[in-house]
Structures are given as structure tokens and as C-alpha cells.
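J.: Please see the structure below; I have some questions.
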Amino acid sequence: MNPDKDLFLISPLEAPLQVYFESPFREDYFEIAWLKDEEPIHFIQEGTPRVKGDWLYLIPANRSPRPRKSGKKGTLIAFHKSVLDYEVKEFSLDVIRLFLGKGAGSFSTILLEEDMAVTLESILWIIKDEYEQQQENFLVLKALLKAFLLKLMQYKAQTLTRQGLNEKRVYHFLLLLEHHFREEKAVAFYADKLNITPKRLNQILKQKTGKTITQLLQERLVVEARQQLVASAKNIQEIGYSLGFEDRSYFSRFFKKMTGQTPEQFQKQAKERIFPV
């Protein structure tokens, strides 16, 4: 790698090329840092959950400061700003908009959904293969990079629409949960009903609620258990059975883990508050 001459760079983030990271010419490059299955490294608004996933950091040319090392799983893709000189003006402007964040001089961050991560990874695999050839073909690399960037532009443009869809998915999940939480404890059941993968459903719920499917299911079971322990004429074993627990001891362990009390302790304390002696 010769940062004052080479137009492209691909490097693992775990062990980046220091000659590039320390080069005075580094600011002449657009950088895409793709973190694989990692938590975000940028500031997340207070109260917003830190979702683990595939994060893209798009840093435009002429921006400083830049990270000197990562220590994260993933890939760094960099291309010299002169690469855009060979493109039509409209595409070059679209690339700059893609990389710019909301504030002046800032950078863009994107959390990839699973299907888009797979699509981009297939393109990146071909780019890496071409990049590692002894005789780099500039035109092929440029064409592959353009395909990668166009896919990113399309994905970013669809973000608002996808966010609206994800809100609908959360709503439908909560409806499903309300109807099936007693008998269905499997994550795959809810994901199948929504026609997405369990991993993607968990990611959406973490983004929108800060909780996983399992956490939401457990919380709903506890709410119902508390209501029945106070208002139902059923005994504790019957309440546990009605919530899908075949064994009373398993129900008791679950309830204590979630609330810090056994069902008997909670029931006694609740009834004393309602009917004080």
C-alpha cells in the first residue's frame, strides 16, 4: 500500500495497515468502516438502545480527525477522492451525500439489515478477490465499487420506508404476543408469523423497544402471573399450568428470577395490601 499513489485499499479492521492509518495523505480518501456483529462506537442518543449488528461508518474525504485503530471485527474499504473524477457529476454528488452526516463535517452511520448485509458482503467478496490480484484492474475495481455504493444509496433512501414497516412489525408482534404468550415460547414462532428471521425480529425489537423477543415474552408472562396470583381462584400450580409451565417448581423458579419473590411470597404480600388485618 502506497497512500500517496494507490487509489484503493481494503484491510481488516482488527489489524489495519498502519502505513495507511499514519499517512498524511489519508484525508484524501473516502472510508467505509464495516463493523461486523459489533456494538456502535459512535455516540447514541441517551435512552436509545445500543444495538449489536453490522454498522457502517462512512467517512468522507477531507474530514479530520479519523480513528487511528479499531480493534473491532470487520473491514476497512477506502478509495481516493480522485476516483470520482472519472464519474458523472450527479453520481459524484450522490456519493458525497451518502457519506455526509447530518452536521457540517460529520460522517454517516448505517445499521445494516440482515438481507442487505448479505447482498453487500457478496459484492465485497468480489471486490476483495479483484483487489488481491497482482495486476489490479482499475476499471473492474471502480465498477465493483460503484455497484457497492449504488446499493448503499438505494438502502439509505429506503430507510424511512423501512422504519415505518418495522414499526408495523412491532405492532403486529405485540398483537401476536398477546394472543399466544401462554402457549408459544419459541422465538421462531413469532418470526415465522411475521415472515422474517428470528435474528432480524430481535434486531427490530431491540431498536424500537430496547428489548428482545424473550425479554418481552417473559415480562408478559410475569404480568399475567401477578394478575392471576392476586385475582384468580386457581392455586399456584394451576396458574403455572395455564401459563404453559408443566411443573410448579419451574414456574416458581421463573417467577422468583423475574421478580425476586416466590409466587407464594408475592401472593401473600399482595393480599395483605388489599385486605389488611
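Quick note on naming: the chains in the C-alpha cells go A, B, ... in the order shown, residues restart at 1 in each chain, and ligands are numbered from 1 in order of appearance.
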Based on DSSP run over this structure's backbone, return all residues of region 67-237 of chain A in alpha helix (DSSP H), as an MDAnalysis selection string.

T.: chainID A and resid 89:99 114:131 138:157 159:180 187:193 198:209 213:231 236:237

J.: If we count only C-alpha atoms and set the cut-off at 12 Å, which residues sit around Ser82 (chain A), ignoring sequence neighbours fewer than 4 positions away in its own chain? Please answer as a ChimeraX atom specification.

T.: /A:4-8,28-30,61,78,86-87,92,142

J.: Would you export the selected residues with C-alpha atoms as a CSV table (one decimal), in the first residue's frame, please?

T.:
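Written file, again.csv:
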```csv
chain,number,residue,atom,x,y,z
A,4,ASP,CA,0.2,8.8,-2.0
A,5,LYS,CA,-0.3,6.7,-5.1
A,6,ASP,CA,-2.8,3.8,-4.6
A,7,LEU,CA,-6.4,4.6,-5.3
A,8,PHE,CA,-8.0,1.7,-3.4
A,28,ASP,CA,-7.7,12.3,0.5
A,29,TYR,CA,-9.7,9.0,0.9
A,30,PHE,CA,-13.3,8.2,1.4
A,61,ALA,CA,-12.6,12.7,2.2
A,78,ALA,CA,-11.0,3.2,1.2
A,86,TYR,CA,-14.0,9.6,-13.6
A,87,GLU,CA,-17.7,9.6,-12.8
A,92,SER,CA,-20.2,12.0,-7.5
A,142,LYS,CA,-14.2,1.0,-10.0
```

J.: Which residues are close to Glu183 (chain A), i.e. within 10 Å by only C-alpha atoms, leaving aside same-chain residues fewer than 4 positions away? Reply as a short mmCIF file (atom, residue, chain, number, x, y, z; two decimals) with N, CA and C atoms, in the first residue's frame.

T.:
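And here is the file that came out, result_5.cif:
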```cif
data_model
loop_
_atom_site.label_atom_id
_atom_site.label_comp_id
_atom_site.auth_asym_id
_atom_site.auth_seq_id
_atom_site.Cartn_x
_atom_site.Cartn_y
_atom_site.Cartn_z
N HIS A 179 -51.88 -12.79 22.02
CA HIS A 179 -52.73 -13.94 21.74
C HIS A 179 -52.06 -15.28 22.03
N TYR A 241 -49.62 -23.78 35.22
CA TYR A 241 -50.03 -24.62 34.10
C TYR A 241 -50.75 -23.79 33.03
N SER A 242 -51.57 -22.85 33.45
CA SER A 242 -52.30 -22.01 32.49
C SER A 242 -51.37 -21.11 31.69
N LEU A 243 -50.16 -20.89 32.20
CA LEU A 243 -49.17 -20.05 31.51
C LEU A 243 -48.14 -20.88 30.75
N GLY A 244 -48.39 -22.18 30.65
CA GLY A 244 -47.52 -23.04 29.85
C GLY A 244 -46.40 -23.71 30.62
N PHE A 245 -46.42 -23.63 31.97
CA PHE A 245 -45.41 -24.28 32.79
C PHE A 245 -45.96 -25.63 33.27
#
```

J.: Among region 83-243 of chain A, which residues does DSSP mark as strand (DSSP E or B) when it is run on the backbone? Keep the chain and numbering as in the structure and answer as a VMD selection string.

T.: chain A and resid 100 107 to 112

J.: Keeping only C-alpha atoms, write the selected residues to a file as an mmCIF file, in the first residue's frame.

T.:
```cif
data_model
loop_
_atom_site.group_PDB
_atom_site.id
_atom_site.type_symbol
_atom_site.label_atom_id
_atom_site.label_comp_id
_atom_site.auth_asym_id
_atom_site.auth_seq_id
_atom_site.Cartn_x
_atom_site.Cartn_y
_atom_site.Cartn_z
ATOM 1 C CA LEU A 100 -22.072 13.152 4.850
ATOM 2 C CA PHE A 107 -19.887 11.346 8.794
ATOM 3 C CA SER A 108 -22.727 8.945 8.069
ATOM 4 C CA THR A 109 -23.636 5.824 10.076
ATOM 5 C CA ILE A 110 -25.828 2.980 8.837
ATOM 6 C CA LEU A 111 -27.068 -0.138 10.644
ATOM 7 C CA LEU A 112 -27.491 -2.861 8.022
#
```

J.: Using Å and a single decimal, report how far CA of Asp37 (chain A) sits from CA of Lys52 (chain A).

T.: 5.9 Å
